[in-house]
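For reference, entry.cif (mmCIF, C-alpha atoms):
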data_structure
#
loop_
_atom_site.label_atom_id
_atom_site.label_comp_id
_atom_site.auth_asym_id
_atom_site.auth_seq_id
_atom_site.Cartn_x
_atom_site.Cartn_y
_atom_site.Cartn_z
CA MET N 970 0.00 0.00 0.00
CA ILE N 971 1.34 3.41 -0.87
CA ASN N 972 0.69 6.75 0.77
CA ARG N 973 -0.31 4.89 3.88
CA SER N 974 -2.74 6.56 6.20
CA VAL N 975 -0.35 8.09 8.71
CA GLU N 976 -2.30 11.20 9.68
CA GLU N 977 -3.51 9.55 12.89
CA ASP N 978 0.11 8.92 13.92
CA GLN N 979 1.11 12.31 15.28
CA GLY N 980 4.73 13.40 15.23
CA VAL N 981 6.88 16.39 16.04
CA GLY N 982 7.72 18.89 13.30
CA GLY N 983 10.73 17.56 11.40
CA ALA N 984 10.30 13.98 12.63
CA ILE N 985 11.14 11.25 10.10
CA LYS N 986 9.16 8.05 9.68
CA VAL N 987 9.95 5.03 7.49
CA SER N 988 7.35 2.49 6.39
CA GLY N 989 8.45 -0.13 3.85
CA ASN N 990 10.27 1.71 1.03
CA ALA N 991 8.55 5.00 1.91
CA LYS N 992 10.03 7.84 3.95
CA PHE N 993 7.97 10.66 5.48
CA ILE N 994 8.74 13.96 7.23
CA TYR N 995 6.23 15.55 9.62
CA ALA N 996 5.69 19.15 8.50
CA TYR N 997 3.23 22.01 8.67
CA VAL N 998 1.18 22.44 5.47
CA THR N 999 0.36 26.11 5.06
CA ASN N 1000 -3.05 25.89 3.36
CA SER N 1001 -5.86 23.60 2.16
CA ILE N 1002 -4.43 21.16 -0.33
CA ALA N 1003 -5.20 18.04 -2.34
CA ARG N 1004 -3.59 14.66 -1.67
CA GLY N 1005 -0.47 14.11 -3.80
CA THR N 1006 0.38 17.81 -4.19
CA PRO N 1007 4.12 18.60 -4.44
CA ARG N 1008 5.49 20.61 -1.51
CA VAL N 1009 8.95 21.98 -0.74
CA LEU N 1010 10.17 21.38 2.81
CA LEU N 1011 11.60 24.54 4.33
CA ALA N 1012 13.14 25.04 7.74
CA SER N 1013 11.75 27.95 9.71
CA VAL N 1014 14.37 30.53 10.65
CA THR N 1015 12.13 32.48 13.01
CA ALA N 1016 12.50 31.70 16.70
CA GLY N 1017 9.35 30.22 18.21
CA GLN N 1018 7.88 29.41 14.81
CA ILE N 1019 6.95 26.10 13.19
CA PRO N 1020 10.18 24.07 12.72
CA LEU N 1021 9.42 22.67 9.24
CA VAL N 1022 6.97 24.03 6.69
CA ALA N 1023 5.70 22.32 3.52
CA ALA N 1024 5.24 25.21 1.09
CA ALA N 1025 4.52 25.78 -2.61
CA PRO N 1026 7.54 25.25 -4.91
CA VAL N 1027 9.59 28.33 -5.80
CA THR N 1028 12.39 28.68 -8.35
CA SER N 1029 15.73 27.68 -6.88
CA ALA N 1030 19.11 26.74 -8.31
CA ILE N 1031 19.87 25.23 -4.89
CA PRO N 1032 18.42 21.71 -4.71
CA GLN N 1033 15.32 21.54 -2.48
CA ARG N 1034 13.74 18.63 -0.58
CA ILE N 1035 10.42 17.95 -2.33
CA GLY N 1036 7.65 15.66 -1.17
CA VAL N 1037 3.94 15.07 -1.63
CA THR N 1038 1.01 15.48 0.71
CA THR N 1039 -0.41 12.18 1.90
CA VAL N 1040 -3.90 13.40 2.77
CA ALA N 1041 -6.15 16.20 1.54
CA THR N 1042 -6.63 18.92 4.14
CA GLY N 1043 -9.84 20.12 2.47
CA SER N 1044 -11.65 23.01 4.07
CA ALA N 1045 -9.86 22.37 7.37
CA GLY N 1046 -6.98 24.45 6.00
CA ALA N 1047 -3.47 24.47 7.36
CA GLY N 1048 -2.09 21.85 9.70
CA TYR N 1049 0.53 19.19 10.31
CA GLN N 1050 0.77 16.02 8.23
CA TRP N 1051 3.29 13.44 7.09
CA ILE N 1052 4.84 14.54 3.77
CA GLN N 1053 6.19 11.64 1.72
CA ILE N 1054 9.66 12.31 0.33
CA GLU N 1055 10.78 8.87 -0.88
CA GLY N 1056 9.48 5.58 -2.22
CA ASP N 1057 6.30 4.39 -3.94
CA ALA N 1058 3.66 7.11 -3.68
CA TYR N 1059 0.62 8.65 -5.31
CA ALA N 1060 1.19 12.12 -6.70
CA LEU N 1061 -0.64 14.59 -8.90
CA VAL N 1062 0.87 14.48 -12.40
CA ASP N 1063 -0.19 16.68 -15.31
CA GLY N 1064 -0.03 15.45 -18.93
CA THR N 1065 0.46 19.04 -20.09
CA PRO N 1066 2.67 20.15 -21.87
CA ALA N 1067 3.75 16.57 -22.73
CA ASP N 1068 2.11 13.20 -22.13
CA VAL N 1069 3.74 11.17 -19.36
CA VAL N 1070 4.56 7.50 -19.89
CA ALA N 1071 5.73 4.96 -17.31
CA GLY N 1072 9.44 5.51 -16.70
CA ASN N 1073 9.42 9.25 -17.49
CA MET N 1074 11.27 11.41 -15.00
CA LEU N 1075 9.10 13.97 -13.17
CA GLU N 1076 9.84 17.54 -12.09
CA VAL N 1077 7.94 20.35 -10.42
CA LEU N 1078 8.00 23.97 -11.56
CA THR N 1079 7.57 27.18 -9.56
CA THR N 1080 4.15 27.46 -7.85
CA ALA N 1081 3.02 24.18 -9.47
CA THR N 1082 0.42 21.95 -7.82
CA SER N 1083 1.44 18.86 -9.80
CA PHE N 1084 4.46 17.19 -11.39
CA ILE N 1085 5.14 17.22 -15.15
CA GLN N 1086 7.41 15.21 -17.44
CA ASP N 1087 11.10 16.10 -17.03
CA GLY N 1088 12.15 15.52 -20.63
CA GLY N 1089 11.90 11.73 -20.83
CA SER N 1090 13.63 8.85 -19.08
CA THR N 1091 17.00 10.46 -18.33
CA ARG N 1092 17.40 11.86 -14.82
CA THR N 1093 18.30 15.56 -14.51
CA VAL N 1094 19.05 17.95 -11.63
CA GLY N 1095 15.31 18.71 -11.54
CA SER N 1096 14.10 15.10 -11.40
CA VAL N 1097 12.13 14.31 -8.23
CA GLY N 1098 11.11 10.79 -9.24
CA PHE N 1099 9.54 8.84 -12.08
CA ALA N 1100 6.07 7.86 -13.23
CA LYS N 1101 5.06 4.23 -12.69
CA GLU N 1102 2.06 4.60 -15.00
CA ALA N 1103 1.02 6.76 -17.98
CA GLN N 1104 -0.86 10.06 -17.68
CA ALA N 1105 -1.94 11.84 -20.88
CA ALA N 1106 -4.79 14.01 -19.56
CA ASN N 1107 -4.34 17.77 -19.78
CA SER N 1108 -5.05 18.10 -16.07
CA ALA N 1109 -3.57 16.91 -12.79
CA VAL N 1110 -4.39 13.25 -12.06
CA LEU N 1111 -3.35 11.19 -9.03
CA ILE N 1112 -1.08 8.38 -10.32
CA GLU N 1113 1.52 6.01 -8.92
CA VAL N 1114 5.07 7.38 -8.91
CA TYR N 1115 8.40 6.63 -7.27
CA LEU N 1116 10.06 9.50 -5.37
CA PHE N 1117 13.88 9.44 -5.20
CA GLY N 1118 14.14 11.24 -1.86
CA ASP N 1119 17.00 13.40 -3.13
CA PRO N 1120 16.85 17.20 -3.28
CA ALA N 1121 16.13 18.63 -6.75
CA GLN N 1122 16.29 22.01 -8.44
CA ILE N 1123 13.06 23.83 -9.20
CA ALA N 1124 12.87 25.66 -12.53
CA ALA N 1125 10.67 28.63 -13.40
CA THR N 1126 9.45 27.00 -16.65
#

Output the file's structure in the form of structure tokens.
Amino acid sequence: MINRSVEEDQGVGGAIKVSGNAKFIYAYVTNSIARGTPRVLLASVTAGQIPLVAAAPVTSAIPQRIGVTTVATGSAGAGYQWIQIEGDAYALVDGTPADVVAGNMLEVLTTATSFIQDGGSTRTVGSVGFAKEAQAANSAVLIEVYLFGDPAQIAAT
């Protein structure tokens, strides 16, 4: 089972949890969000603030830790949850601008709410993982992916 239901297992901000081949980090999600949405994990630098925040992707030449939300927060809004950063997962993948086939590398662009194809099957500095199934729809669809768990660069376009 992927994207296991871990929301009932409370942690401390920044805590790491491993289940099978999946790795999770407990972080604060800043707004209502759909399951499988890419998030960048950022450390808070303000004293007394939340220790780890899962925020929208922003352009960065410095590799960033990227994960996906494991549950939808819906109208409840912001709150803590386990963000999956490695292993078999479900993530939102968009078939625009190019159809995604199984084995294609995936990347996330600035402010994106889904992954897109990263140029084919060759890993790049922006590759977060790869698709385990095809996705040709011109919209974000929750599909099975594999997340590398390594930091990746986020491009503007």

| query | For N:Leu1061, which residue out of N:Asn1107, N:Ile994, N:Gln1086, N:Thr1006 is the nearest one, using only C-alpha atoms? | reply | N:Thr1006

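The interatomic distance for the pair atom CA of N:Met1074 and atom CA of N:Tyr1049 works out to 28.6 Å.
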
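Pairwise distance (atom CA of N:Asn1073, atom CA of N:Ala1100) equals 5.6 Å.
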
| Test item: residues at most 12 Å from N:Val1027, all atoms listed in the file, excluding those fewer than 4 positions along its chain, as JSON, numbers by chain | {"N": [1007, 1008, 1009, 1010, 1011, 1023, 1031, 1032, 1033, 1034, 1035, 1077, 1078, 1079, 1080, 1081, 1082, 1121, 1122, 1123, 1124, 1125, 1126]}

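One distance worth recording is that between atom CA of N:Gly1072 and atom CA of N:Lys1101, which is 6.1 Å.
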
| query | Using only C-alpha atoms, which residue out of N:Gly989, N:Val998, N:Thr1093, N:Val1069 lies closest to N:Val1037? | reply | N:Val998

| message | So, with only C-alpha atoms as the atoms that count, which of N:Ile1085, N:Val981, N:Ala1025, N:Ala1060 lies closest to N:Val1040? | response |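 When distances to N:Val1040 are compared using only C-alpha atoms, the smallest one comes from N:Ala1060.
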
| said: Nearest residue to N:Ile985 out of N:Tyr1115, N:Tyr1059, N:Trp1051, N:Tyr997, using all atoms listed in the file? | reply: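 Among the listed residues, the smallest separation from N:Ile985 belongs to N:Trp1051.
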
| message | So that I can see what lies close to N:Gly1056, please list as a ChimeraX atom specification the residues with an atom at most 9 Å from it, counting only C-alpha atoms and leaving out residues fewer than 5 positions away in the same chain. | response | /N:971,989-992,1098,1114-1118
